[in-house]
Structure formats: C-alpha cells, structure tokens
>>> print(open('upload_6.cif').read())   # mmCIF, C-alpha atoms
data_model
#
loop_
_atom_site.label_atom_id
_atom_site.label_comp_id
_atom_site.auth_asym_id
_atom_site.auth_seq_id
_atom_site.Cartn_x
_atom_site.Cartn_y
_atom_site.Cartn_z
CA MET A 17 39.67 111.97 80.55
CA GLY A 18 41.12 108.48 80.74
CA ARG A 19 39.44 105.38 79.42
CA TRP A 20 36.12 104.35 80.89
CA GLU A 21 36.55 102.61 84.23
CA PRO A 22 33.28 101.13 85.44
CA ASN A 23 32.53 102.07 89.06
CA ALA A 24 36.11 103.23 89.69
CA ARG A 25 35.09 105.15 92.81
CA GLY A 26 33.35 102.18 94.38
CA ARG A 27 36.21 99.83 93.54
CA LEU A 28 38.79 102.22 95.00
CA GLY A 29 36.68 102.65 98.12
CA GLN A 30 36.37 98.90 98.62
CA ALA A 31 40.08 98.30 97.94
CA ALA A 32 41.05 101.04 100.41
CA LEU A 33 38.83 99.60 103.17
CA GLU A 34 40.27 96.12 102.65
CA LEU A 35 43.84 97.38 102.85
CA TYR A 36 43.20 99.65 105.85
CA ILE A 37 41.84 96.63 107.72
CA GLU A 38 44.57 94.22 106.57
CA ARG A 39 47.61 96.51 107.04
CA GLY A 40 46.37 99.51 108.95
CA TYR A 41 45.49 102.96 107.63
CA GLU A 42 48.91 104.52 108.25
CA GLN A 43 50.75 101.71 106.44
CA THR A 44 48.63 101.78 103.27
CA THR A 45 49.68 103.86 100.26
CA VAL A 46 47.60 105.26 97.41
CA ALA A 47 49.69 103.16 94.99
CA GLU A 48 48.62 100.00 96.84
CA ILE A 49 44.95 101.01 96.84
CA ALA A 50 45.00 101.69 93.09
CA LYS A 51 46.79 98.39 92.41
CA ARG A 52 44.31 96.39 94.51
CA ALA A 53 41.43 98.02 92.61
CA GLY A 54 43.12 97.29 89.26
CA LEU A 55 43.34 101.00 88.50
CA THR A 56 46.06 103.66 88.29
CA GLU A 57 47.12 106.23 90.88
CA ARG A 58 46.07 108.86 88.36
CA THR A 59 42.53 107.45 88.45
CA PHE A 60 42.62 107.46 92.26
CA PHE A 61 43.43 111.18 92.30
CA ARG A 62 40.63 111.90 89.81
CA HIS A 63 38.23 110.66 92.50
CA PHE A 64 39.86 111.48 95.85
CA ALA A 65 42.19 114.19 97.15
CA ASP A 66 44.05 111.74 99.40
CA LYS A 67 43.72 108.39 101.17
CA ARG A 68 41.80 109.94 104.05
CA GLU A 69 39.10 111.31 101.76
CA VAL A 70 38.18 107.79 100.64
CA LEU A 71 36.64 107.33 104.07
CA PHE A 72 34.77 110.64 104.11
CA TYR A 73 33.48 111.41 100.62
CA GLY A 74 30.11 109.96 101.62
CA SER A 75 29.68 112.70 104.26
CA SER A 76 28.67 115.35 101.75
CA THR A 77 26.03 113.04 100.25
CA LEU A 78 24.70 112.44 103.75
CA GLN A 79 24.71 116.16 104.54
CA ASP A 80 22.90 117.04 101.29
CA HIS A 81 20.32 114.35 101.98
CA LEU A 82 19.64 115.58 105.53
CA VAL A 83 19.56 119.26 104.59
CA ASP A 84 17.15 118.60 101.69
CA ALA A 85 14.88 116.52 103.92
CA VAL A 86 14.72 119.22 106.63
CA ALA A 87 14.19 121.98 104.07
CA GLY A 88 11.41 119.92 102.44
CA ALA A 89 9.50 119.11 105.64
CA PRO A 90 5.92 120.49 105.78
CA ASP A 91 5.73 124.09 107.03
CA SER A 92 3.61 122.89 109.90
CA ALA A 93 6.24 120.40 111.17
CA ALA A 94 7.73 121.21 114.59
CA PRO A 95 11.56 121.65 114.40
CA ILE A 96 12.24 118.31 116.09
CA ASP A 97 9.81 116.53 113.75
CA ALA A 98 11.53 118.01 110.70
CA ILE A 99 14.87 116.78 112.10
CA ALA A 100 13.54 113.36 113.16
CA GLY A 101 11.95 112.76 109.73
CA ALA A 102 15.22 113.68 108.01
CA VAL A 103 17.39 111.46 110.23
CA GLU A 104 14.97 108.55 109.89
CA SER A 105 15.17 108.82 106.12
CA VAL A 106 18.95 108.16 106.09
CA GLY A 107 18.07 104.47 106.31
CA VAL A 108 17.72 104.68 102.51
CA VAL A 109 21.20 106.20 102.07
CA PHE A 110 22.81 103.29 103.96
CA GLN A 111 20.65 100.51 102.50
CA GLY A 112 22.77 97.43 101.80
CA ARG A 113 25.90 99.11 103.16
CA ARG A 114 26.03 97.81 106.71
CA GLU A 115 29.12 95.67 106.20
CA SER A 116 31.17 98.46 104.61
CA ALA A 117 29.87 100.93 107.25
CA ARG A 118 31.07 98.53 109.92
CA GLN A 119 34.49 98.14 108.31
CA ARG A 120 34.82 101.90 107.87
CA GLN A 121 33.98 102.46 111.54
CA SER A 122 36.60 99.96 112.71
CA VAL A 123 39.26 101.75 110.63
CA ILE A 124 38.22 105.14 112.01
CA ALA A 125 38.12 103.89 115.60
CA ALA A 126 41.75 102.71 115.29
CA THR A 127 43.28 106.06 114.23
CA ALA A 128 43.13 109.32 116.20
CA GLU A 129 43.43 111.50 113.09
CA LEU A 130 40.38 109.77 111.57
CA ARG A 131 38.34 109.99 114.77
CA GLU A 132 38.99 113.74 114.81
CA ARG A 133 37.96 114.02 111.18
CA GLU A 134 34.73 112.11 111.90
CA LEU A 135 33.89 114.46 114.78
CA ILE A 136 34.49 117.49 112.53
CA LYS A 137 32.13 116.03 109.93
CA LEU A 138 29.42 115.45 112.54
CA ALA A 139 29.87 119.00 113.87
CA SER A 140 29.51 120.39 110.32
CA LEU A 141 26.41 118.29 109.83
CA SER A 142 24.90 119.71 113.01
CA ALA A 143 25.76 123.28 111.94
CA ALA A 144 24.19 122.70 108.49
CA LEU A 145 20.98 121.35 110.06
CA ALA A 146 20.75 124.28 112.49
CA ASP A 147 21.23 126.65 109.56
CA THR A 148 18.44 124.93 107.61
CA LEU A 149 16.10 125.23 110.60
CA ARG A 150 16.92 128.94 110.95
CA ARG A 151 16.02 129.42 107.29
CA ARG A 152 12.66 127.84 108.18
CA GLY A 153 12.19 130.57 110.79
CA VAL A 154 13.26 128.59 113.89
CA THR A 155 14.97 130.87 116.41
CA GLU A 156 18.08 130.22 118.51
CA PRO A 157 18.84 128.33 120.68
CA ALA A 158 16.00 126.00 119.57
CA ALA A 159 17.53 125.53 116.09
CA SER A 160 20.95 124.49 117.39
CA LEU A 161 19.47 122.32 120.14
CA ALA A 162 17.18 120.44 117.74
CA ALA A 163 20.10 119.93 115.33
CA GLU A 164 22.40 118.68 118.13
CA ALA A 165 19.68 116.32 119.36
CA GLY A 166 19.27 114.96 115.82
CA ILE A 167 23.00 114.33 115.41
CA ALA A 168 23.23 112.70 118.85
CA VAL A 169 20.39 110.36 117.92
CA PHE A 170 21.95 109.63 114.53
CA LYS A 171 25.32 108.81 116.12
CA ILE A 172 23.84 106.49 118.71
CA ALA A 173 21.40 104.77 116.34
CA PHE A 174 24.23 104.31 113.82
CA GLU A 175 26.48 102.68 116.43
CA ARG A 176 23.65 100.36 117.41
CA TRP A 177 23.01 99.58 113.75
CA ILE A 178 26.57 98.53 112.95
CA SER A 179 27.29 96.75 116.24
CA GLY A 180 23.92 95.11 116.89
CA PRO A 181 23.21 91.44 116.26
CA GLY A 182 21.06 90.28 113.32
CA GLU A 183 20.15 92.73 110.55
CA PRO A 184 18.56 95.67 112.36
CA ASP A 185 16.78 98.41 110.43
CA LEU A 186 18.55 101.77 110.68
CA SER A 187 15.38 103.88 110.32
CA GLN A 188 13.72 101.84 113.03
CA LEU A 189 16.71 102.33 115.36
CA VAL A 190 16.59 106.09 114.68
CA ARG A 191 12.89 106.17 115.59
CA GLU A 192 13.50 104.19 118.77
CA SER A 193 16.43 106.40 119.76
CA PHE A 194 14.36 109.57 119.23
CA ASP A 195 11.60 108.12 121.40
CA GLU A 196 14.18 107.18 124.02
CA LEU A 197 15.65 110.70 124.00
CA LYS A 198 12.14 112.15 124.41
CA ALA A 199 11.59 109.85 127.40
CA VAL A 200 15.01 110.76 128.85
CA MET A 201 14.32 114.49 128.49
CA ALA A 202 10.92 114.03 130.14
CA GLY A 203 12.78 112.66 133.18
CA ARG A 204 11.90 109.01 132.73
CA MET B 16 62.45 121.58 141.96
CA GLY B 17 63.26 125.11 140.84
CA ARG B 18 62.72 128.18 142.96
CA TRP B 19 59.23 129.07 144.03
CA GLU B 20 57.30 130.73 141.22
CA PRO B 21 53.99 132.06 142.46
CA ASN B 22 51.09 131.04 140.18
CA ALA B 23 53.42 129.99 137.35
CA ARG B 24 50.68 128.00 135.62
CA GLY B 25 48.23 130.89 135.62
CA ARG B 26 50.88 133.37 134.43
CA LEU B 27 51.93 131.03 131.60
CA GLY B 28 48.31 130.49 130.59
CA GLN B 29 47.63 134.23 130.49
CA ALA B 30 50.85 134.98 128.57
CA ALA B 31 50.06 132.23 126.03
CA LEU B 32 46.53 133.55 125.43
CA GLU B 33 47.81 137.09 124.94
CA LEU B 34 50.42 135.95 122.43
CA TYR B 35 48.05 133.63 120.55
CA ILE B 36 45.70 136.58 120.08
CA GLU B 37 48.43 139.12 119.19
CA ARG B 38 50.50 136.92 116.83
CA GLY B 39 48.43 133.86 116.13
CA TYR B 40 48.74 130.39 117.66
CA GLU B 41 50.98 128.96 114.93
CA GLN B 42 53.45 131.83 115.13
CA THR B 43 53.91 131.73 118.91
CA THR B 44 56.77 129.74 120.47
CA VAL B 45 57.11 128.30 123.96
CA ALA B 46 60.19 130.49 124.45
CA GLU B 47 58.08 133.60 123.81
CA ILE B 48 55.34 132.45 126.19
CA ALA B 49 57.86 131.81 128.98
CA LYS B 50 59.53 135.18 128.38
CA ARG B 51 56.21 137.07 128.44
CA ALA B 52 55.34 135.36 131.73
CA GLY B 53 58.79 136.21 133.17
CA LEU B 54 59.58 132.51 133.55
CA THR B 55 61.86 129.95 131.88
CA GLU B 56 61.03 127.39 129.19
CA ARG B 57 61.98 124.76 131.75
CA THR B 58 59.21 126.02 134.01
CA PHE B 59 56.79 125.99 131.08
CA PHE B 60 57.51 122.30 130.47
CA ARG B 61 57.05 121.52 134.15
CA HIS B 62 53.42 122.62 133.72
CA PHE B 63 52.50 121.81 130.10
CA ALA B 64 53.52 119.18 127.54
CA ASP B 65 53.35 121.67 124.67
CA LYS B 66 51.83 124.98 123.60
CA ARG B 67 48.54 123.32 122.66
CA GLU B 68 48.07 121.88 126.14
CA VAL B 69 47.98 125.39 127.63
CA LEU B 70 44.53 125.74 126.05
CA PHE B 71 43.21 122.37 127.20
CA TYR B 72 44.56 121.60 130.66
CA GLY B 73 41.29 122.91 132.13
CA SER B 74 39.35 120.12 130.39
CA SER B 75 40.33 117.47 132.89
CA THR B 76 39.26 119.70 135.80
CA LEU B 77 35.93 120.21 134.04
CA GLN B 78 35.55 116.48 133.39
CA ASP B 79 36.36 115.58 137.01
CA HIS B 80 33.88 118.17 138.22
CA LEU B 81 31.07 116.86 135.98
CA VAL B 82 31.75 113.19 136.69
CA ASP B 83 31.83 113.81 140.46
CA ALA B 84 28.58 115.76 140.30
CA VAL B 85 26.77 113.03 138.33
CA ALA B 86 28.17 110.29 140.59
CA GLY B 87 27.07 112.26 143.65
CA ALA B 88 23.48 112.96 142.53
CA PRO B 89 20.76 111.45 144.75
CA ASP B 90 19.93 107.84 143.89
CA SER B 91 16.39 108.91 143.13
CA ALA B 92 17.45 111.48 140.48
CA ALA B 93 16.36 110.70 136.91
CA PRO B 94 19.37 110.40 134.55
CA ILE B 95 18.65 113.73 132.85
CA ASP B 96 18.30 115.46 136.23
CA ALA B 97 21.67 114.07 137.38
CA ILE B 98 23.20 115.41 134.15
CA ALA B 99 21.39 118.75 134.29
CA GLY B 100 22.43 119.33 137.90
CA ALA B 101 26.05 118.57 137.03
CA VAL B 102 26.13 120.83 133.98
CA GLU B 103 24.43 123.65 135.87
CA SER B 104 27.08 123.45 138.56
CA VAL B 105 29.92 124.26 136.12
CA GLY B 106 28.97 127.90 136.58
CA VAL B 107 31.21 127.72 139.68
CA VAL B 108 34.18 126.33 137.69
CA PHE B 109 34.05 129.27 135.26
CA GLN B 110 33.28 131.98 137.83
CA GLY B 111 35.22 135.15 137.00
CA ARG B 112 36.77 133.57 133.92
CA ARG B 113 34.47 134.81 131.18
CA GLU B 114 37.05 137.10 129.56
CA SER B 115 39.73 134.39 129.36
CA ALA B 116 37.12 131.83 128.19
CA ARG B 117 36.17 134.26 125.43
CA GLN B 118 39.81 134.80 124.42
CA ARG B 119 40.49 131.07 124.46
CA GLN B 120 37.45 130.43 122.24
CA SER B 121 38.58 133.00 119.68
CA VAL B 122 42.02 131.34 119.46
CA ILE B 123 40.45 127.90 119.04
CA ALA B 124 37.98 129.10 116.41
CA ALA B 125 40.87 130.42 114.29
CA THR B 126 42.84 127.14 114.04
CA ALA B 127 41.53 123.85 112.59
CA GLU B 128 43.88 121.70 114.73
CA LEU B 129 42.51 123.35 117.88
CA ARG B 130 38.88 123.05 116.82
CA GLU B 131 39.44 119.31 116.31
CA ARG B 132 41.06 119.02 119.71
CA GLU B 133 38.11 120.81 121.30
CA LEU B 134 35.64 118.39 119.66
CA ILE B 135 37.69 115.41 120.92
CA LYS B 136 37.58 116.82 124.45
CA LEU B 137 33.79 117.27 124.28
CA ALA B 138 33.38 113.72 122.94
CA SER B 139 35.51 112.35 125.82
CA LEU B 140 33.42 114.36 128.25
CA SER B 141 30.24 112.83 126.84
CA ALA B 142 31.71 109.31 127.03
CA ALA B 143 32.79 109.88 130.65
CA LEU B 144 29.30 111.09 131.61
CA ALA B 145 27.62 108.11 129.89
CA ASP B 146 29.99 105.82 131.74
CA THR B 147 29.13 107.45 135.06
CA LEU B 148 25.41 107.03 134.36
CA ARG B 149 25.93 103.35 133.51
CA ARG B 150 27.68 102.88 136.85
CA ARG B 151 24.52 104.33 138.40
CA GLY B 152 22.55 101.54 136.70
CA VAL B 153 21.24 103.53 133.72
CA THR B 154 20.95 101.29 130.64
CA GLU B 155 21.86 102.03 127.03
CA PRO B 156 20.95 103.91 124.92
CA ALA B 157 19.47 106.13 127.67
CA ALA B 158 22.88 106.71 129.29
CA SER B 159 24.56 107.85 126.06
CA LEU B 160 21.55 109.94 125.00
CA ALA B 161 21.35 111.75 128.35
CA ALA B 162 25.12 112.40 128.24
CA GLU B 163 24.96 113.70 124.65
CA ALA B 164 22.02 115.95 125.54
CA GLY B 165 24.01 117.33 128.48
CA ILE B 166 27.05 118.10 126.34
CA ALA B 167 24.89 119.68 123.62
CA VAL B 168 23.28 121.95 126.23
CA PHE B 169 26.67 122.77 127.77
CA LYS B 170 28.12 123.70 124.35
CA ILE B 171 25.22 125.93 123.42
CA ALA B 172 24.89 127.58 126.83
CA PHE B 173 28.67 128.18 126.89
CA GLU B 174 28.57 129.87 123.46
CA ARG B 175 25.71 132.07 124.63
CA TRP B 176 27.62 132.87 127.81
CA ILE B 177 30.80 134.05 126.08
CA SER B 178 29.11 135.83 123.16
CA GLY B 179 26.10 137.34 124.92
CA PRO B 180 25.85 140.99 125.93
CA GLY B 181 26.11 142.08 129.57
CA GLU B 182 27.33 139.66 132.23
CA PRO B 183 25.06 136.63 131.85
CA ASP B 184 25.07 133.85 134.44
CA LEU B 185 26.36 130.55 133.01
CA SER B 186 24.31 128.33 135.34
CA GLN B 187 21.18 130.29 134.43
CA LEU B 188 21.92 129.86 130.70
CA VAL B 189 22.42 126.12 131.23
CA ARG B 190 19.04 125.89 132.99
CA GLU B 191 17.33 127.85 130.20
CA SER B 192 18.96 125.72 127.50
CA PHE B 193 17.87 122.50 129.22
CA ASP B 194 14.30 123.82 129.43
CA GLU B 195 14.49 124.82 125.77
CA LEU B 196 15.73 121.34 124.77
CA LYS B 197 12.88 119.77 126.75
CA ALA B 198 10.40 122.00 124.90
CA VAL B 199 12.05 121.19 121.54
CA MET B 200 11.90 117.45 122.23
CA ALA B 201 8.24 117.77 123.24
CA GLY B 202 7.59 119.17 119.74
CA ARG B 203 7.12 122.80 120.69
#
>>> encode(input="upload_6.cif", output="structure tokens")
Amino acid sequence: MGRWEPNARGRLGQAALELYIERGYEQTTVAEIAKRAGLTERTFFRHFADKREVLFYGSSTLQDHLVDAVAGAPDSAAPIDAIAGAVESVGVVFQGRRESARQRQSVIAATAELRERELIKLASLSAALADTLRRRGVTEPAASLAAEAGIAVFKIAFERWISGPGEPDLSQLVRESFDELKAVMAGR
Amino acid sequence: MGRWEPNARGRLGQAALELYIERGYEQTTVAEIAKRAGLTERTFFRHFADKREVLFYGSSTLQDHLVDAVAGAPDSAAPIDAIAGAVESVGVVFQGRRESARQRQSVIAATAELRERELIKLASLSAALADTLRRRGVTEPAASLAAEAGIAVFKIAFERWISGPGEPDLSQLVRESFDELKAVMAGR
C-alpha cells in the first residue's frame, strides 16, 4: 500500500471529468488525470482498470442498490411496485451529484465507444433486476418486462433530471415517469 | 457493374452466418465468406462495408418498416396503439426467417462487440420511434416511454420467438407480450 491519499478515487474521478470535457476523452491520458488530481499513475491504477472505467465504476454501486431494494420489497408487492420502489430510491444514490452526472453524460454522449458501454451497463442492470424478480417467484415474460419498464423509466427520468431547468428531484421525476408510462400503457 | 449475380446479398449473408457459426466470427475473413458464396471479395464489398455489417444490414429495413407503420397509424390511435400495431406487423418482415434469425442471434451472443452493436441498433430504433410519435404531436416523456415500451416488447417477444419450441407466430408473441406488459404496469 502507498501512503494515505484522502479521497483519491473521488479526486481522480473529478480530474478525469474535467479533462474529458476540456480536451476530449480520446485525447486525455491516465498520466494527465493523475497529475491533475495531484496523485501518481500508480494510484490511478489502484482504483481503476483504465480511463474508461472512471466513468463507469458507479454502475456496480447502482446495480447493487437496485437489486437490494427489489429483493427487500415486501412479499406482497406486485412486481412493478417492487421495481418502481427500487428505481425511486436511487434519488438517494445521486443526491448532490447532479452537476457531475451532467458532465459525465456530456462526455459519454460525445464518444461512440462510451455510448455503447453505457447501453451495455443498462442492459446488465435490466438483466439483474429480471433475475431478482425471478428469485421472488415472478414468471417470464413478466419479470423481464417489469425490469425493462423500470430501466426505461430510469433512463428517461435521469435524462429529465440532468437536462431540466431548476433543481428537480430525481425520485419525483421517477414517480412521474412511472405514472406516465402507466397512462401510456393504458392507452391514454 | 460486374456480371449479374443472382441474389448475391442473400448468398453472402448465408455464407457469412454459416462460417461465423462453424469457425467463429473473429476467425472468419471476407475472402472466406466470398469463396463460400461462390462470389468475389469485390462483390462482397459492393454489398457490405465489412463483415460486421452482414449481420446488421437488416436493421435499417426493420427501422423503416416500424417508422412507416407508426407514421401511417390512424390519427385517432393512442401512442401505444400506434407502436403496438407497428411492432406486431414486423411478423411479416421476419416471415420464413426464423432459422437464420436464430443463427444470427447465436453469433451475436458469442461476441461482445456484436452485442454492443445490437444494443446500439435497438437504441436507435427506439429514438426513431419516439421521433415519429413526436411528429404525430405526442409530447415528452410520453413519446419516449411509448417507444421504449415498444422496443422492450419487441426484444422480449423476439427472444421468445427464436428460442421457443414449435413454430410460434412472432406477431402473436408481440401481442401477448404487450398484453403482459399492460398487466404488469397495472400492478398484476
């Protein structure tokens, strides 16, 4: 272990985002990220496999959070309510992180390789949620459909959250988007 | 123009699928595909940009079909009904192509690069459908939610179609999956 570096991961993440926005993702090197964060490349590689992973290490936290929330829903909860409750609760995970979420999204939107990676992560998330529902006894195709609906709502609420004016509440946007999807599916 | 080569595109597509399954996608070259089809590499490149495109050239046909169907739905159709009608009608596009769809899916499932490409194509399809709904006067987020629901149903019905026993009807599976999603969203 090297010397103690307070919040190295957060500092590297912030430095990487800044550089990706200033110079572009392709043009930024790990050496530059480490330098901007006042840390060494060695420290960078203790936290991240590569410069792409800096943008995606939060995905596993998000997945764990969603899977735990679905698994922990009351036995009596309908599949879609277990999913909706879980997706609503991600507001907590992103609390105070709207600006960095917005920066991250602009970097991802600019690079095909990163957009593909983001889609893969969302597809894995959907598969993990469907799997959790099946372990709760939900049959197919209901499990996969409820999971896909949840991820669609998350995606759309998240886009509204980072692009909307003012300081919208993510959980509130998730609730509204679920209600909207219910209305859409009911033919309204 | 070279000499007339009857159904060159179809022959190249079939030869490519066979080779991808026999040897693996990575290991197959364009020269081998052309040879198997009894055609030249030059002919291959008149039809496809590269060996990956052989697996995805159908996507634009599918997208055109779906967009036309949504655009052509009666003015009175609710957004989800315009989408459901369009997705149901893809049964015609895939008529008699279940075996090659199944082979194609097994090749894609085996290679990360191809899985990513497939997700990109589905995301573009969803964006194109949302755009078509907006041109019909549907507001956001309803347009994006209806489009995402349609693609989720298509994906799940398609998986059931290629993996199910017997000779299931794709349009019928789409209808059932839409009904199932409606029931799921209604909390059943």
>>> interface_residues(input="upload_6.cif", of="chain A", to="chain B", cutoff="9 Å", atoms="only C-alpha atoms", output="mmCIF file with C-alpha atoms, in the frame of the given file")
data_model
loop_
_atom_site.group_PDB
_atom_site.id
_atom_site.type_symbol
_atom_site.label_atom_id
_atom_site.label_comp_id
_atom_site.auth_asym_id
_atom_site.auth_seq_id
_atom_site.Cartn_x
_atom_site.Cartn_y
_atom_site.Cartn_z
ATOM 1 C CA ALA A 93 6.240 120.400 111.170
ATOM 2 C CA ALA A 94 7.730 121.210 114.590
ATOM 3 C CA PRO A 95 11.560 121.650 114.400
ATOM 4 C CA ILE A 96 12.240 118.310 116.090
ATOM 5 C CA ASP A 97 9.810 116.530 113.750
ATOM 6 C CA ARG A 131 38.340 109.990 114.770
ATOM 7 C CA GLU A 132 38.990 113.740 114.810
ATOM 8 C CA ARG A 133 37.960 114.020 111.180
ATOM 9 C CA LEU A 135 33.890 114.460 114.780
ATOM 10 C CA ILE A 136 34.490 117.490 112.530
ATOM 11 C CA ALA A 139 29.870 119.000 113.870
ATOM 12 C CA PRO A 157 18.840 128.330 120.680
ATOM 13 C CA ALA A 158 16.000 126.000 119.570
ATOM 14 C CA ALA A 159 17.530 125.530 116.090
ATOM 15 C CA SER A 160 20.950 124.490 117.390
ATOM 16 C CA LEU A 161 19.470 122.320 120.140
ATOM 17 C CA ALA A 162 17.180 120.440 117.740
ATOM 18 C CA GLU A 164 22.400 118.680 118.130
ATOM 19 C CA ALA A 165 19.680 116.320 119.360
ATOM 20 C CA ALA A 168 23.230 112.700 118.850
ATOM 21 C CA VAL A 169 20.390 110.360 117.920
ATOM 22 C CA ILE A 172 23.840 106.490 118.710
ATOM 23 C CA ALA A 173 21.400 104.770 116.340
ATOM 24 C CA ARG A 176 23.650 100.360 117.410
ATOM 25 C CA SER A 193 16.430 106.400 119.760
ATOM 26 C CA PHE A 194 14.360 109.570 119.230
ATOM 27 C CA GLU A 196 14.180 107.180 124.020
ATOM 28 C CA LEU A 197 15.650 110.700 124.000
ATOM 29 C CA LYS A 198 12.140 112.150 124.410
ATOM 30 C CA ALA A 199 11.590 109.850 127.400
ATOM 31 C CA VAL A 200 15.010 110.760 128.850
ATOM 32 C CA MET A 201 14.320 114.490 128.490
ATOM 33 C CA ALA A 202 10.920 114.030 130.140
ATOM 34 C CA GLY A 203 12.780 112.660 133.180
ATOM 35 C CA ARG A 204 11.900 109.010 132.730
#
>>> resolve_selection(input="upload_6.cif", expression="the PyMOL selection byres ((chain B and resi 30) around 12)", output="PDB file with C-alpha atoms, in the coordinates of the input")
ATOM      1  CA  ALA B  23      53.420 129.990 137.350  1.00  0.00           C
ATOM      2  CA  ARG B  24      50.680 128.000 135.620  1.00  0.00           C
ATOM      3  CA  GLY B  25      48.230 130.890 135.620  1.00  0.00           C
ATOM      4  CA  ARG B  26      50.880 133.370 134.430  1.00  0.00           C
ATOM      5  CA  LEU B  27      51.930 131.030 131.600  1.00  0.00           C
ATOM      6  CA  GLY B  28      48.310 130.490 130.590  1.00  0.00           C
ATOM      7  CA  GLN B  29      47.630 134.230 130.490  1.00  0.00           C
ATOM      8  CA  ALA B  31      50.060 132.230 126.030  1.00  0.00           C
ATOM      9  CA  LEU B  32      46.530 133.550 125.430  1.00  0.00           C
ATOM     10  CA  GLU B  33      47.810 137.090 124.940  1.00  0.00           C
ATOM     11  CA  LEU B  34      50.420 135.950 122.430  1.00  0.00           C
ATOM     12  CA  TYR B  35      48.050 133.630 120.550  1.00  0.00           C
ATOM     13  CA  ILE B  36      45.700 136.580 120.080  1.00  0.00           C
ATOM     14  CA  GLU B  37      48.430 139.120 119.190  1.00  0.00           C
ATOM     15  CA  ARG B  38      50.500 136.920 116.830  1.00  0.00           C
ATOM     16  CA  THR B  43      53.910 131.730 118.910  1.00  0.00           C
ATOM     17  CA  THR B  44      56.770 129.740 120.470  1.00  0.00           C
ATOM     18  CA  VAL B  45      57.110 128.300 123.960  1.00  0.00           C
ATOM     19  CA  ALA B  46      60.190 130.490 124.450  1.00  0.00           C
ATOM     20  CA  GLU B  47      58.080 133.600 123.810  1.00  0.00           C
ATOM     21  CA  ILE B  48      55.340 132.450 126.190  1.00  0.00           C
ATOM     22  CA  ALA B  49      57.860 131.810 128.980  1.00  0.00           C
ATOM     23  CA  LYS B  50      59.530 135.180 128.380  1.00  0.00           C
ATOM     24  CA  ARG B  51      56.210 137.070 128.440  1.00  0.00           C
ATOM     25  CA  ALA B  52      55.340 135.360 131.730  1.00  0.00           C
ATOM     26  CA  GLY B  53      58.790 136.210 133.170  1.00  0.00           C
ATOM     27  CA  LEU B  54      59.580 132.510 133.550  1.00  0.00           C
ATOM     28  CA  PHE B  59      56.790 125.990 131.080  1.00  0.00           C
ATOM     29  CA  LYS B  66      51.830 124.980 123.600  1.00  0.00           C
ATOM     30  CA  VAL B  69      47.980 125.390 127.630  1.00  0.00           C
ATOM     31  CA  LEU B  70      44.530 125.740 126.050  1.00  0.00           C
ATOM     32  CA  SER B 115      39.730 134.390 129.360  1.00  0.00           C
ATOM     33  CA  GLN B 118      39.810 134.800 124.420  1.00  0.00           C
ATOM     34  CA  ARG B 119      40.490 131.070 124.460  1.00  0.00           C
TER      35      ARG B 119
END
>>> closest_residue(input="upload_6.cif", among="B:Ala143, B:Ile123, B:Ala116, B:Leu185", to="Asp83 in chain B", atoms="all atoms listed in the file")
B:Ala143
>>> atom_distance(input="upload_6.cif", atom1="CA of Glu42 in chain A", atom2="CA of Leu141 in chain A")
26.4 Å
>>> atom_distance(input="upload_6.cif", atom1="CA of Asp146 in chain B", atom2="CA of Arg190 in chain B")
22.9 Å
>>> residues_around(input="upload_6.cif", residues="Glu114 in chain B", least_positions_apart="6", cutoff="12 Å", atoms="only C-alpha atoms", output="MDAnalysis selection string")
chainID B and resid 29 32:33 120:121 176:179 182
>>> closest_residue(input="upload_6.cif", among="A:Gly40, A:Asp185, A:His63, A:Leu82", to="Ser140 in chain A", atoms="only C-alpha atoms")
A:Leu82
>>> residues_near_point(input="upload_6.cif", point="(33.9, 112.3, 134.2)", cutoff="9 Å", atoms="only C-alpha atoms", output="number ranges by chain")
B: 75, 77-86, 139-147
